[in-house]
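J.: Dropping in work-v3.cif, which is mmCIF, C-alpha atoms:
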```
data_final
#
loop_
_atom_site.label_atom_id
_atom_site.label_comp_id
_atom_site.auth_asym_id
_atom_site.auth_seq_id
_atom_site.Cartn_x
_atom_site.Cartn_y
_atom_site.Cartn_z
CA MET A 28 -3.17 26.71 -6.17
CA SER A 29 -3.44 24.50 -9.27
CA ASP A 30 -4.89 21.00 -9.26
CA ASN A 31 -1.43 19.55 -9.96
CA HIS A 32 0.09 21.25 -6.89
CA LYS A 33 -2.83 20.07 -4.73
CA PHE A 34 -2.33 16.52 -6.03
CA GLN A 35 1.39 16.60 -5.24
CA LEU A 36 0.76 17.95 -1.72
CA GLY A 37 -1.88 15.27 -1.18
CA THR A 38 0.56 12.58 -2.32
CA ILE A 39 3.32 13.84 -0.01
CA GLY A 40 0.86 13.95 2.89
CA ALA A 41 -0.31 10.40 2.17
CA LEU A 42 3.27 9.09 2.00
CA SER A 43 4.22 10.86 5.25
CA LEU A 44 1.13 9.59 7.07
CA SER A 45 1.83 6.04 5.88
CA VAL A 46 5.45 6.11 7.09
CA VAL A 47 4.71 7.62 10.51
CA SER A 48 1.69 5.40 11.26
CA SER A 49 3.34 2.19 10.03
CA VAL A 50 6.55 2.70 12.00
CA SER A 51 4.47 3.57 15.09
CA ILE A 52 2.32 0.45 14.86
CA VAL A 53 5.36 -1.79 14.32
CA ILE A 54 6.96 -0.45 17.50
CA CYS A 55 3.67 -0.83 19.39
CA ASN A 56 3.10 -4.38 18.13
CA LYS A 57 6.68 -5.34 18.86
CA ALA A 58 6.16 -4.37 22.49
CA LEU A 59 2.84 -6.25 22.52
CA ILE A 60 4.21 -9.44 20.92
CA SER A 61 7.82 -9.61 22.10
CA THR A 62 7.53 -8.08 25.57
CA LEU A 63 3.99 -9.00 26.65
CA GLY A 64 3.74 -12.30 24.80
CA PHE A 65 0.58 -11.57 22.78
CA THR A 66 1.53 -13.50 19.63
CA PHE A 67 -1.88 -13.67 17.93
CA ALA A 68 -1.09 -11.47 14.93
CA THR A 69 -3.92 -12.52 12.58
CA THR A 70 -6.63 -12.09 15.22
CA LEU A 71 -5.14 -8.72 16.17
CA THR A 72 -5.35 -7.66 12.52
CA SER A 73 -9.06 -8.56 12.44
CA TRP A 74 -9.58 -6.28 15.45
CA HIS A 75 -7.66 -3.55 13.63
CA LEU A 76 -10.02 -3.74 10.67
CA LEU A 77 -13.10 -3.84 12.90
CA VAL A 78 -12.00 -0.67 14.71
CA THR A 79 -11.18 0.94 11.34
CA PHE A 80 -14.68 0.19 10.06
CA CYS A 81 -16.30 1.58 13.23
CA SER A 82 -14.18 4.74 12.97
CA LEU A 83 -15.15 5.25 9.33
CA HIS A 84 -18.81 4.66 10.20
CA VAL A 85 -18.61 7.45 12.77
CA ALA A 86 -16.92 9.67 10.17
CA LEU A 87 -19.72 8.87 7.72
CA TRP A 88 -22.32 9.75 10.38
CA MET A 89 -20.51 13.07 10.90
CA LYS A 90 -20.66 13.56 7.10
CA LEU A 91 -16.88 13.74 6.75
CA PHE A 92 -17.15 11.70 3.56
CA GLU A 93 -19.91 10.52 1.24
CA HIS A 94 -21.00 6.89 0.99
CA LYS A 95 -20.84 5.74 -2.63
CA PRO A 96 -22.11 2.18 -3.21
CA PHE A 97 -20.81 0.37 -6.30
CA ASP A 98 -20.35 -3.19 -7.57
CA ALA A 99 -21.04 -5.35 -4.47
CA ARG A 100 -19.40 -8.45 -5.96
CA ALA A 101 -16.18 -6.54 -6.69
CA VAL A 102 -16.09 -5.14 -3.14
CA MET A 103 -16.74 -8.55 -1.57
CA GLY A 104 -14.12 -10.30 -3.69
CA PHE A 105 -11.59 -7.55 -3.03
CA GLY A 106 -12.20 -7.58 0.73
CA ILE A 107 -11.97 -11.38 1.03
CA LEU A 108 -8.81 -11.46 -1.13
CA ASN A 109 -7.19 -8.83 1.08
CA GLY A 110 -8.02 -10.84 4.19
CA ILE A 111 -6.65 -14.04 2.66
CA SER A 112 -3.41 -12.31 1.61
CA ILE A 113 -2.83 -11.12 5.20
CA GLY A 114 -3.45 -14.63 6.53
CA LEU A 115 -1.07 -16.15 3.96
CA LEU A 116 1.69 -13.66 4.86
CA ASN A 117 1.36 -14.65 8.52
CA LEU A 118 1.44 -18.35 7.58
CA SER A 119 4.51 -17.71 5.43
CA LEU A 120 6.28 -16.19 8.42
CA GLY A 121 5.21 -19.11 10.62
CA PHE A 122 6.38 -21.89 8.28
CA ASN A 123 9.58 -20.22 6.99
CA SER A 124 12.70 -18.73 8.46
CA VAL A 125 12.77 -14.97 8.98
CA GLY A 126 15.27 -14.62 6.12
CA PHE A 127 13.03 -16.48 3.66
CA TYR A 128 10.04 -14.42 4.80
CA GLN A 129 11.99 -11.23 4.04
CA MET A 130 12.78 -12.63 0.59
CA THR A 131 9.04 -13.21 0.14
CA LYS A 132 8.35 -9.55 0.86
CA LEU A 133 11.12 -8.50 -1.55
CA ALA A 134 9.53 -10.62 -4.29
CA ILE A 135 6.34 -8.53 -4.19
CA ILE A 136 7.84 -5.64 -6.21
CA PRO A 137 9.11 -7.67 -9.20
CA CYS A 138 5.89 -9.69 -9.16
CA THR A 139 3.80 -6.50 -9.23
CA VAL A 140 5.91 -5.08 -12.07
CA LEU A 141 5.45 -8.33 -14.01
CA LEU A 142 1.67 -8.44 -13.51
CA GLU A 143 1.19 -4.78 -14.45
CA THR A 144 3.35 -5.23 -17.54
CA LEU A 145 1.52 -8.36 -18.70
CA PHE A 146 -2.08 -7.43 -17.93
CA PHE A 147 -2.12 -3.60 -17.95
CA ARG A 148 0.56 -2.96 -20.62
CA LYS A 149 2.31 -0.64 -18.17
CA LYS A 150 5.88 0.25 -19.10
CA PHE A 151 8.73 0.65 -16.61
CA SER A 152 11.83 2.39 -17.96
CA ARG A 153 15.31 0.92 -17.50
CA ASN A 154 16.13 3.68 -15.01
CA ILE A 155 13.10 2.75 -12.87
CA GLN A 156 14.00 -0.94 -13.08
CA LEU A 157 17.62 -0.20 -12.09
CA SER A 158 16.58 1.90 -9.08
CA LEU A 159 14.19 -0.85 -7.93
CA ALA A 160 16.97 -3.43 -8.26
CA ILE A 161 19.32 -1.29 -6.11
CA LEU A 162 16.55 -0.83 -3.53
CA LEU A 163 15.84 -4.57 -3.32
CA LEU A 164 19.56 -5.34 -3.08
CA GLY A 165 19.96 -2.95 -0.15
CA VAL A 166 16.92 -4.23 1.74
CA GLY A 167 18.06 -7.80 1.08
CA ILE A 168 21.51 -7.11 2.55
CA ALA A 169 19.98 -5.40 5.59
CA THR A 170 17.25 -7.92 6.42
CA VAL A 171 17.90 -11.35 4.87
CA THR A 172 20.04 -13.43 7.20
CA ASP A 173 19.26 -17.09 6.62
CA LEU A 174 17.46 -18.94 3.82
CA GLN A 175 15.97 -22.22 5.01
CA LEU A 176 13.73 -23.74 2.35
CA ASN A 177 10.84 -26.16 2.78
CA LEU A 178 8.09 -27.20 0.36
CA LEU A 179 5.05 -26.11 2.40
CA GLY A 180 6.63 -22.77 3.35
CA SER A 181 7.62 -22.09 -0.26
CA ILE A 182 4.06 -22.77 -1.51
CA LEU A 183 2.58 -20.51 1.17
CA SER A 184 5.08 -17.75 0.28
CA LEU A 185 4.24 -18.01 -3.43
CA LEU A 186 0.50 -17.76 -2.68
CA ALA A 187 1.14 -14.84 -0.32
CA VAL A 188 3.10 -12.92 -2.96
CA VAL A 189 0.52 -13.46 -5.71
CA THR A 190 -2.52 -12.58 -3.55
CA THR A 191 -0.79 -9.51 -2.11
CA CYS A 192 0.18 -8.23 -5.57
CA VAL A 193 -3.31 -8.79 -6.99
CA ALA A 194 -4.98 -7.18 -3.96
CA GLN A 195 -2.79 -4.07 -4.19
CA ILE A 196 -3.30 -3.75 -7.94
CA MET A 197 -7.05 -4.08 -7.37
CA THR A 198 -6.87 -1.30 -4.76
CA ASN A 199 -5.60 1.05 -7.45
CA THR A 200 -7.76 -0.11 -10.35
CA ILE A 201 -11.05 -0.22 -8.40
CA GLN A 202 -10.61 3.38 -7.24
CA LYS A 203 -10.07 4.50 -10.82
CA LYS A 204 -12.69 2.28 -12.49
CA PHE A 205 -15.56 3.15 -10.13
CA LYS A 206 -14.29 6.68 -9.31
CA VAL A 207 -14.35 6.12 -5.56
CA SER A 208 -12.00 7.62 -2.99
CA SER A 209 -9.68 5.58 -0.77
CA THR A 210 -12.00 6.26 2.18
CA GLN A 211 -15.08 5.03 0.32
CA LEU A 212 -13.33 1.85 -0.81
CA LEU A 213 -11.89 1.15 2.64
CA TYR A 214 -15.28 1.70 4.30
CA GLN A 215 -17.02 -0.80 2.03
CA SER A 216 -14.30 -3.47 1.96
CA CYS A 217 -13.37 -3.35 5.67
CA PRO A 218 -16.25 -5.57 6.90
CA TYR A 219 -15.34 -8.37 4.47
CA GLN A 220 -11.65 -8.19 5.43
CA ALA A 221 -12.48 -8.14 9.15
CA ILE A 222 -14.94 -11.07 8.94
CA THR A 223 -12.48 -13.15 6.88
CA LEU A 224 -9.67 -12.64 9.40
CA PHE A 225 -11.97 -12.93 12.40
CA VAL A 226 -13.04 -16.39 11.20
CA ILE A 227 -9.62 -17.73 10.20
CA GLY A 228 -7.54 -15.72 12.72
CA PRO A 229 -7.95 -17.84 15.88
CA PHE A 230 -7.38 -21.03 13.86
CA LEU A 231 -4.20 -19.71 12.18
CA ASP A 232 -2.86 -18.24 15.41
CA GLY A 233 -3.52 -21.50 17.23
CA LEU A 234 -1.75 -23.42 14.47
CA LEU A 235 1.30 -21.13 14.60
CA THR A 236 1.56 -20.58 18.37
CA ASN A 237 -0.11 -23.66 19.92
CA HIS A 238 -2.08 -21.30 22.17
CA ASN A 239 -5.70 -20.18 22.28
CA VAL A 240 -6.26 -16.44 21.83
CA PHE A 241 -9.39 -16.59 24.00
CA ALA A 242 -7.51 -18.28 26.85
CA PHE A 243 -4.81 -15.60 26.98
CA LYS A 244 -4.53 -13.59 30.22
CA TYR A 245 -5.48 -10.02 29.29
CA THR A 246 -3.77 -7.76 31.82
CA PRO A 247 -4.43 -3.98 31.85
CA GLN A 248 -1.05 -3.44 30.17
CA VAL A 249 -1.90 -5.89 27.36
CA LEU A 250 -5.31 -4.29 26.86
CA PHE A 251 -3.72 -0.83 26.71
CA PHE A 252 -1.32 -1.84 23.92
CA ILE A 253 -4.10 -3.68 22.04
CA VAL A 254 -6.30 -0.56 22.12
CA LEU A 255 -3.34 1.64 21.12
CA SER A 256 -2.47 -0.72 18.25
CA CYS A 257 -6.09 -0.68 17.02
CA LEU A 258 -6.23 3.13 17.10
CA ILE A 259 -2.97 3.47 15.15
CA SER A 260 -4.24 0.87 12.65
CA VAL A 261 -7.02 3.25 11.55
CA SER A 262 -4.33 5.59 10.21
CA VAL A 263 -2.32 2.69 8.76
CA ASN A 264 -5.28 1.22 6.83
CA PHE A 265 -6.46 4.61 5.61
CA SER A 266 -2.99 5.70 4.45
CA THR A 267 -2.41 2.36 2.67
CA PHE A 268 -5.46 2.82 0.44
CA LEU A 269 -4.64 6.52 0.03
CA VAL A 270 -1.05 5.91 -1.10
CA ILE A 271 -1.94 3.13 -3.56
CA GLY A 272 -4.80 5.24 -4.95
CA LYS A 273 -2.62 8.33 -5.44
CA THR A 274 0.51 6.56 -6.66
CA SER A 275 0.71 2.85 -7.51
CA PRO A 276 1.23 -0.59 -5.95
CA VAL A 277 4.95 -0.46 -6.83
CA THR A 278 5.43 2.91 -5.14
CA TYR A 279 3.60 1.59 -2.08
CA GLN A 280 6.01 -1.37 -1.89
CA VAL A 281 8.99 1.00 -2.23
CA LEU A 282 7.55 2.97 0.65
CA GLY A 283 7.15 -0.28 2.59
CA HIS A 284 10.87 -1.00 2.32
CA LEU A 285 11.62 2.54 3.54
CA LYS A 286 9.52 1.68 6.60
CA THR A 287 11.57 -1.50 7.06
CA CYS A 288 14.79 0.52 7.15
CA LEU A 289 13.27 3.01 9.59
CA VAL A 290 12.01 0.21 11.84
CA LEU A 291 15.53 -1.28 11.93
CA ALA A 292 16.96 2.11 12.85
CA PHE A 293 14.31 2.84 15.50
CA GLY A 294 14.71 -0.66 16.92
CA TYR A 295 18.41 -0.02 17.40
CA VAL A 296 17.97 3.47 18.89
CA LEU A 297 14.88 2.92 21.07
CA LEU A 298 14.80 -0.81 21.80
CA HIS A 299 18.57 -1.51 21.60
CA ASP A 300 18.14 -4.28 19.04
CA PRO A 301 21.36 -5.81 17.68
CA PHE A 302 22.71 -3.82 14.74
CA SER A 303 25.66 -4.66 12.47
CA TRP A 304 27.64 -3.00 9.72
CA ARG A 305 25.73 -5.24 7.31
CA ASN A 306 22.47 -3.59 8.42
CA ILE A 307 23.99 -0.12 7.96
CA LEU A 308 25.38 -0.95 4.50
CA GLY A 309 22.07 -2.45 3.38
CA ILE A 310 20.07 0.55 4.59
CA LEU A 311 22.43 2.98 2.81
CA ILE A 312 22.15 1.05 -0.48
CA ALA A 313 18.35 0.90 -0.09
CA VAL A 314 18.19 4.67 0.49
CA VAL A 315 20.22 5.23 -2.70
CA GLY A 316 17.71 3.07 -4.58
CA MET A 317 14.77 5.03 -3.13
CA VAL A 318 16.35 8.38 -4.04
CA LEU A 319 17.02 7.20 -7.61
CA TYR A 320 13.48 5.84 -7.90
CA SER A 321 11.98 9.15 -6.78
CA TYR A 322 14.32 11.15 -9.05
CA TYR A 323 13.59 9.11 -12.19
CA CYS A 324 9.86 9.14 -11.47
CA THR A 325 9.93 12.94 -11.17
CA VAL A 326 11.99 13.40 -14.35
CA GLU A 327 9.80 11.06 -16.39
CA SER A 328 6.66 12.70 -15.02
CA GLN A 329 7.88 16.12 -16.19
CA GLN A 330 8.75 14.70 -19.61
CA GLN A 331 5.30 13.14 -19.94
CA LYS A 332 3.57 16.38 -18.98
CA ALA A 333 5.67 18.30 -21.51
CA SER A 334 4.73 15.84 -24.26
CA GLU A 335 1.03 16.12 -23.32
CA VAL A 336 1.18 19.94 -23.48
CA SER A 337 2.96 19.89 -26.87
CA ALA A 338 0.36 17.45 -28.21
CA GLN A 339 -2.47 19.82 -27.19
CA LEU A 340 -0.97 22.96 -28.80
CA PRO A 341 -1.92 22.08 -32.43
CA GLN A 342 -5.52 21.53 -31.28
CA VAL A 343 -5.60 24.98 -29.69
CA LYS A 344 -4.26 26.69 -32.83
CA GLU A 345 -6.73 24.86 -35.04
CA SER A 346 -9.73 25.90 -32.92
CA GLU A 347 -8.56 29.53 -32.83
CA SER A 348 -7.88 29.77 -36.59
CA ASP A 349 -11.28 28.50 -37.70
CA PRO A 350 -13.85 29.14 -34.94
CA LEU A 351 -16.76 29.08 -37.44
CA ILE A 352 -16.47 25.31 -37.67
CA SER A 353 -17.98 25.01 -34.20
CA VAL A 354 -20.96 27.11 -35.28
CA ASP A 355 -21.50 25.05 -38.44
CA ASN A 356 -21.48 21.91 -36.32
CA GLY A 357 -24.40 23.25 -34.32
CA SER A 358 -22.60 23.98 -31.04
CA GLY A 359 -21.35 27.18 -29.48
CA MET A 360 -17.81 28.37 -30.04
CA LEU A 361 -17.09 28.53 -26.34
CA SER A 362 -18.00 24.93 -25.72
CA ASP A 363 -15.89 23.45 -28.52
CA GLY A 364 -13.11 26.00 -28.44
CA VAL A 365 -12.10 25.27 -24.85
CA VAL A 366 -9.33 22.74 -24.55
CA PRO A 367 -10.43 19.94 -22.20
CA LYS A 368 -8.36 19.48 -19.10
CA SER A 369 -6.27 16.35 -18.98
CA PRO A 370 -7.29 14.02 -16.14
CA VAL A 371 -5.37 14.30 -12.91
CA TRP A 372 -4.73 10.54 -12.92
CA ASN A 373 -3.07 8.69 -15.71
CA SER A 374 -2.12 5.08 -16.24
CA ASN A 375 1.48 5.50 -15.19
CA LYS A 376 0.97 6.44 -11.55
CA ASP A 377 4.55 5.64 -10.57
CA LEU A 378 5.58 8.89 -12.15
CA HIS A 379 3.85 10.91 -9.42
CA ALA A 380 5.89 9.43 -6.59
#
```
The structure in this file should be written as structure tokens.
T.:
Amino acid sequence: MSDNHKFQLGTIGALSLSVVSSVSIVICNKALISTLGFTFATTLTSWHLLVTFCSLHVALWMKLFEHKPFDARAVMGFGILNGISIGLLNLSLGFNSVGFYQMTKLAIIPCTVLLETLFFRKKFSRNIQLSLAILLLGVGIATVTDLQLNLLGSILSLLAVVTTCVAQIMTNTIQKKFKVSSTQLLYQSCPYQAITLFVIGPFLDGLLTNHNVFAFKYTPQVLFFIVLSCLISVSVNFSTFLVIGKTSPVTYQVLGHLKTCLVLAFGYVLLHDPFSWRNILGILIAVVGMVLYSYYCTVESQQQKASEVSAQLPQVKESESDPLISVDNGSGMLSDGVVPKSPVWNSNKDLHA
């Protein structure tokens, strides 16, 4: 099996794992928050990250992956930024209406596209932009109900969008710059994320709920769902870093909106949540956008590979027609005559979705 086929299978596996684990944890957390009344989302997230770090430490002890230390300042800054972005998203939900919060999440894709275009000179074709617009339109129809604006909520939403975009772009760029895997990056950044949320979590949750997380009555049923949520979160956190590393922040956000549609559908089927024709229409439009996005990414990926192969052909012919040049340059023919393999990753990771 070629490296390209292995990469594609790995990407499909990462996307599938992300969808299944994310939908599972949403259903679990919905039962924990809505049914059992445990509304301390930020503190719960800090526990998720702590369990994730402990699980990865056990995996490291079992030699399932190799520890690769790199720039400590970059890891610390990345981990703290990730923790802050999670806290800001929770604050945005607390100080805004649900509809405005959904609009905040929709704004992450265009913001990411803008940042990658400005700072990384990444180009998004008109077809990709059109498919993203259709996707956002569909998710907006399905999820945005009311738009109540307030100054503090708007500022928090803006900060949440910017920090989330930067954190997800850093997830991709750090893995490529320092040549670390998603597991290695997650293992080293998890403690900083967990500590950040563990410190600010009880304060934020108290501000949003007017209750103390440490004074909550922890029944066996509540403890069971907390443990289950923490275990599922290991897969969620791992697949998040894996997907962004193998694809791109934009593709990860597209996948996130697919999860939103699935959660709406599962909520209707399993939990009997209210469901309208507006939800159905929005989901169908969003699915069309996702299909178009995947199709255009695949087509453009094939075109890019074809152009790379055609660009390498003249080099091959030149090395075969005059092999003595390599000898005159003081190196063996075999070493200079072999065409170097193109790297598995390239700058336009959206094309591998």
J.: Just the number, please: distance in Å from CA of Ser51 (chain A) to CA of Val290 (chain A), one decimal.
T.: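 Interatomic distance, CA of Ser51 (chain A) to CA of Val290 (chain A): 8.9 Å.
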J.: Please evaluate the PyMOL selection byres ((chain A and resi 151) around 12) against the structure above and give the resulting residues as a PDB file with C-alpha atoms, in the frame of the given file.
T.:
```pdb
ATOM      1  CA  PRO A 137       9.110  -7.670  -9.200  1.00  0.00           C
ATOM      2  CA  THR A 139       3.800  -6.500  -9.230  1.00  0.00           C
ATOM      3  CA  VAL A 140       5.910  -5.080 -12.070  1.00  0.00           C
ATOM      4  CA  LEU A 141       5.450  -8.330 -14.010  1.00  0.00           C
ATOM      5  CA  LEU A 142       1.670  -8.440 -13.510  1.00  0.00           C
ATOM      6  CA  GLU A 143       1.190  -4.780 -14.450  1.00  0.00           C
ATOM      7  CA  THR A 144       3.350  -5.230 -17.540  1.00  0.00           C
ATOM      8  CA  LEU A 145       1.520  -8.360 -18.700  1.00  0.00           C
ATOM      9  CA  PHE A 147      -2.120  -3.600 -17.950  1.00  0.00           C
ATOM     10  CA  ARG A 148       0.560  -2.960 -20.620  1.00  0.00           C
ATOM     11  CA  LYS A 149       2.310  -0.640 -18.170  1.00  0.00           C
ATOM     12  CA  LYS A 150       5.880   0.250 -19.100  1.00  0.00           C
ATOM     13  CA  SER A 152      11.830   2.390 -17.960  1.00  0.00           C
ATOM     14  CA  ARG A 153      15.310   0.920 -17.500  1.00  0.00           C
ATOM     15  CA  ASN A 154      16.130   3.680 -15.010  1.00  0.00           C
ATOM     16  CA  ILE A 155      13.100   2.750 -12.870  1.00  0.00           C
ATOM     17  CA  GLN A 156      14.000  -0.940 -13.080  1.00  0.00           C
ATOM     18  CA  LEU A 157      17.620  -0.200 -12.090  1.00  0.00           C
ATOM     19  CA  SER A 158      16.580   1.900  -9.080  1.00  0.00           C
ATOM     20  CA  LEU A 159      14.190  -0.850  -7.930  1.00  0.00           C
ATOM     21  CA  VAL A 277       4.950  -0.460  -6.830  1.00  0.00           C
ATOM     22  CA  TYR A 320      13.480   5.840  -7.900  1.00  0.00           C
ATOM     23  CA  TYR A 323      13.590   9.110 -12.190  1.00  0.00           C
ATOM     24  CA  CYS A 324       9.860   9.140 -11.470  1.00  0.00           C
ATOM     25  CA  GLU A 327       9.800  11.060 -16.390  1.00  0.00           C
ATOM     26  CA  SER A 374      -2.120   5.080 -16.240  1.00  0.00           C
ATOM     27  CA  ASN A 375       1.480   5.500 -15.190  1.00  0.00           C
ATOM     28  CA  LYS A 376       0.970   6.440 -11.550  1.00  0.00           C
ATOM     29  CA  ASP A 377       4.550   5.640 -10.570  1.00  0.00           C
ATOM     30  CA  LEU A 378       5.580   8.890 -12.150  1.00  0.00           C
TER      31      LEU A 378
END
```
J.: The PyMOL selection byres ((chain A and resi 101) around 12) on the file shown: which residues, as a list in words?
T.: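 Output of the PyMOL selection byres ((chain A and resi 101) around 12): Pro96, Phe97, Asp98, Ala99, Arg100, Val102, Met103, Gly104, Phe105, Gly106, Ile107, Leu108, Ala194, Met197, Thr198, Thr200, Ile201, Gln202, Lys204, Phe205, Leu212, Gln215, Ser216 and Tyr219 of chain A.
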J.: Find, counting all atoms listed in the file, the residue in A:Val281, A:Ile135, A:Leu308, A:Val207 that gets nearest to Ser112 (chain A).
T.: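 When distances to Ser112 (chain A) are compared using all atoms listed in the file, the smallest one comes from A:Ile135.
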J.: Name the residues captured by the PyMOL selection byres ((chain A and resi 271) around 10) when it is applied to the shown file; answer as a CSV table (one decimal) with C-alpha atoms, keeping the file's coordinate frame.
T.:
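What landed in out29.csv:
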```csv
chain,number,residue,atom,x,y,z
A,38,THR,CA,0.6,12.6,-2.3
A,41,ALA,CA,-0.3,10.4,2.2
A,42,LEU,CA,3.3,9.1,2.0
A,195,GLN,CA,-2.8,-4.1,-4.2
A,196,ILE,CA,-3.3,-3.8,-7.9
A,197,MET,CA,-7.0,-4.1,-7.4
A,198,THR,CA,-6.9,-1.3,-4.8
A,199,ASN,CA,-5.6,1.0,-7.4
A,200,THR,CA,-7.8,-0.1,-10.4
A,202,GLN,CA,-10.6,3.4,-7.2
A,209,SER,CA,-9.7,5.6,-0.8
A,266,SER,CA,-3.0,5.7,4.4
A,267,THR,CA,-2.4,2.4,2.7
A,268,PHE,CA,-5.5,2.8,0.4
A,269,LEU,CA,-4.6,6.5,0.0
A,270,VAL,CA,-1.0,5.9,-1.1
A,272,GLY,CA,-4.8,5.2,-5.0
A,273,LYS,CA,-2.6,8.3,-5.4
A,274,THR,CA,0.5,6.6,-6.7
A,275,SER,CA,0.7,2.8,-7.5
A,276,PRO,CA,1.2,-0.6,-6.0
A,277,VAL,CA,5.0,-0.5,-6.8
A,278,THR,CA,5.4,2.9,-5.1
A,279,TYR,CA,3.6,1.6,-2.1
A,280,GLN,CA,6.0,-1.4,-1.9
A,376,LYS,CA,1.0,6.4,-11.6
A,377,ASP,CA,4.6,5.6,-10.6
```
J.: I'd like the interatomic distance between CA of Ile161 (chain A) and CA of Leu289 (chain A), to a tenth of an Å.
T.: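 If I compute the distance from CA of Ile161 (chain A) to CA of Leu289 (chain A), I get 17.4 Å.
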J.: Which is closer to Phe265 (chain A) than all the others in A:Cys217, A:Leu63, A:Ala242, A:Ile54, using only C-alpha atoms?
T.: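 That would be A:Cys217, the residue with the smallest distance to Phe265 (chain A).
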J.: Please report, as a Markdown table, each residue of region 92-169 of chain A lying at most 12 Å from region 173-191 of chain A, together with the nearest pair of atoms and the separation in Å rounded to one decimal; use all atoms listed in the file, and order rows by chain and ascending residue number.
T.:
```
| residue | atom | partner | partner_atom | distance |
| --- | --- | --- | --- | --- |
| A:Gly104 | CA | A:Thr190 | CA | 11.8 |
| A:Phe105 | CA | A:Thr190 | CA | 10.4 |
| A:Gly106 | CA | A:Thr190 | CA | 11.7 |
| A:Ile107 | CA | A:Thr190 | CA | 10.6 |
| A:Leu108 | CA | A:Thr190 | CA | 6.8 |
| A:Asn109 | CA | A:Thr191 | CA | 7.2 |
| A:Gly110 | CA | A:Thr190 | CA | 9.7 |
| A:Ile111 | CA | A:Thr190 | CA | 7.6 |
| A:Ser112 | CA | A:Thr190 | CA | 5.2 |
| A:Ile113 | CA | A:Ala187 | CA | 7.8 |
| A:Gly114 | CA | A:Ala187 | CA | 8.2 |
| A:Leu115 | CA | A:Ala187 | CA | 5.0 |
| A:Leu116 | CA | A:Ala187 | CA | 5.3 |
| A:Asn117 | CA | A:Ala187 | CA | 8.8 |
| A:Leu118 | CA | A:Leu183 | CA | 6.9 |
| A:Ser119 | CA | A:Ser184 | CA | 5.2 |
| A:Leu120 | CA | A:Gly180 | CA | 8.3 |
| A:Gly121 | CA | A:Gly180 | CA | 8.3 |
| A:Phe122 | CA | A:Gly180 | CA | 5.0 |
| A:Asn123 | CA | A:Gly180 | CA | 5.3 |
| A:Ser124 | CA | A:Gln175 | CA | 5.9 |
| A:Val125 | CA | A:Asp173 | CA | 7.2 |
| A:Gly126 | CA | A:Asp173 | CA | 4.7 |
| A:Phe127 | CA | A:Leu174 | CA | 5.1 |
| A:Tyr128 | CA | A:Ser184 | CA | 7.5 |
| A:Gln129 | CA | A:Leu174 | CA | 9.5 |
| A:Met130 | CA | A:Leu174 | CA | 8.5 |
| A:Thr131 | CA | A:Ser184 | CA | 6.0 |
| A:Lys132 | CA | A:Val188 | CA | 7.3 |
| A:Leu133 | CA | A:Val188 | CA | 9.3 |
| A:Ala134 | CA | A:Val188 | CA | 7.0 |
| A:Ile135 | CA | A:Val188 | CA | 5.6 |
| A:Ile136 | CA | A:Val188 | CA | 9.3 |
| A:Pro137 | CA | A:Val188 | CA | 10.1 |
| A:Cys138 | CA | A:Val189 | CA | 7.4 |
| A:Thr139 | CA | A:Val189 | CA | 8.5 |
| A:Val140 | CA | A:Val189 | CA | 11.8 |
| A:Leu141 | CA | A:Val189 | CA | 10.9 |
| A:Leu142 | CA | A:Val189 | CA | 9.3 |
| A:Gly167 | CA | A:Asp173 | CA | 10.9 |
| A:Ile168 | CA | A:Asp173 | CA | 11.0 |
| A:Ala169 | CA | A:Asp173 | CA | 11.8 |
```
J.: Using all atoms listed in the file, can you tell me which of A:Thr223, A:Gln331, A:Ser337, A:Thr66 comes closest to Asn237 (chain A)?
T.: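 Ranking A:Thr223, A:Gln331, A:Ser337, A:Thr66 by distance to Asn237 (chain A), first place goes to A:Thr66.
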J.: I'd like to know which of A:Ser208, A:Thr62, A:Thr70, A:Ser334 is closest to Val249 (chain A), using only C-alpha atoms.
T.: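 Of A:Ser208, A:Thr62, A:Thr70, A:Ser334, the one nearest Val249 (chain A) is A:Thr62, counting only C-alpha atoms.
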J.: Please list, as a count of residues only, the residues that have an atom at most 8 Å away from (-2.0, -3.8, 19.8) in the coordinates of this file, counting all atoms listed in the file.
T.: 14
J.: Give the answer as one residue: which of A:Val193, A:Leu224, A:Val166, A:Ala58 has the shortest atom-to-atom distance to Ile310 (chain A), using all atoms listed in the file?
T.: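 The answer is A:Val166, which sits nearest to Ile310 (chain A).
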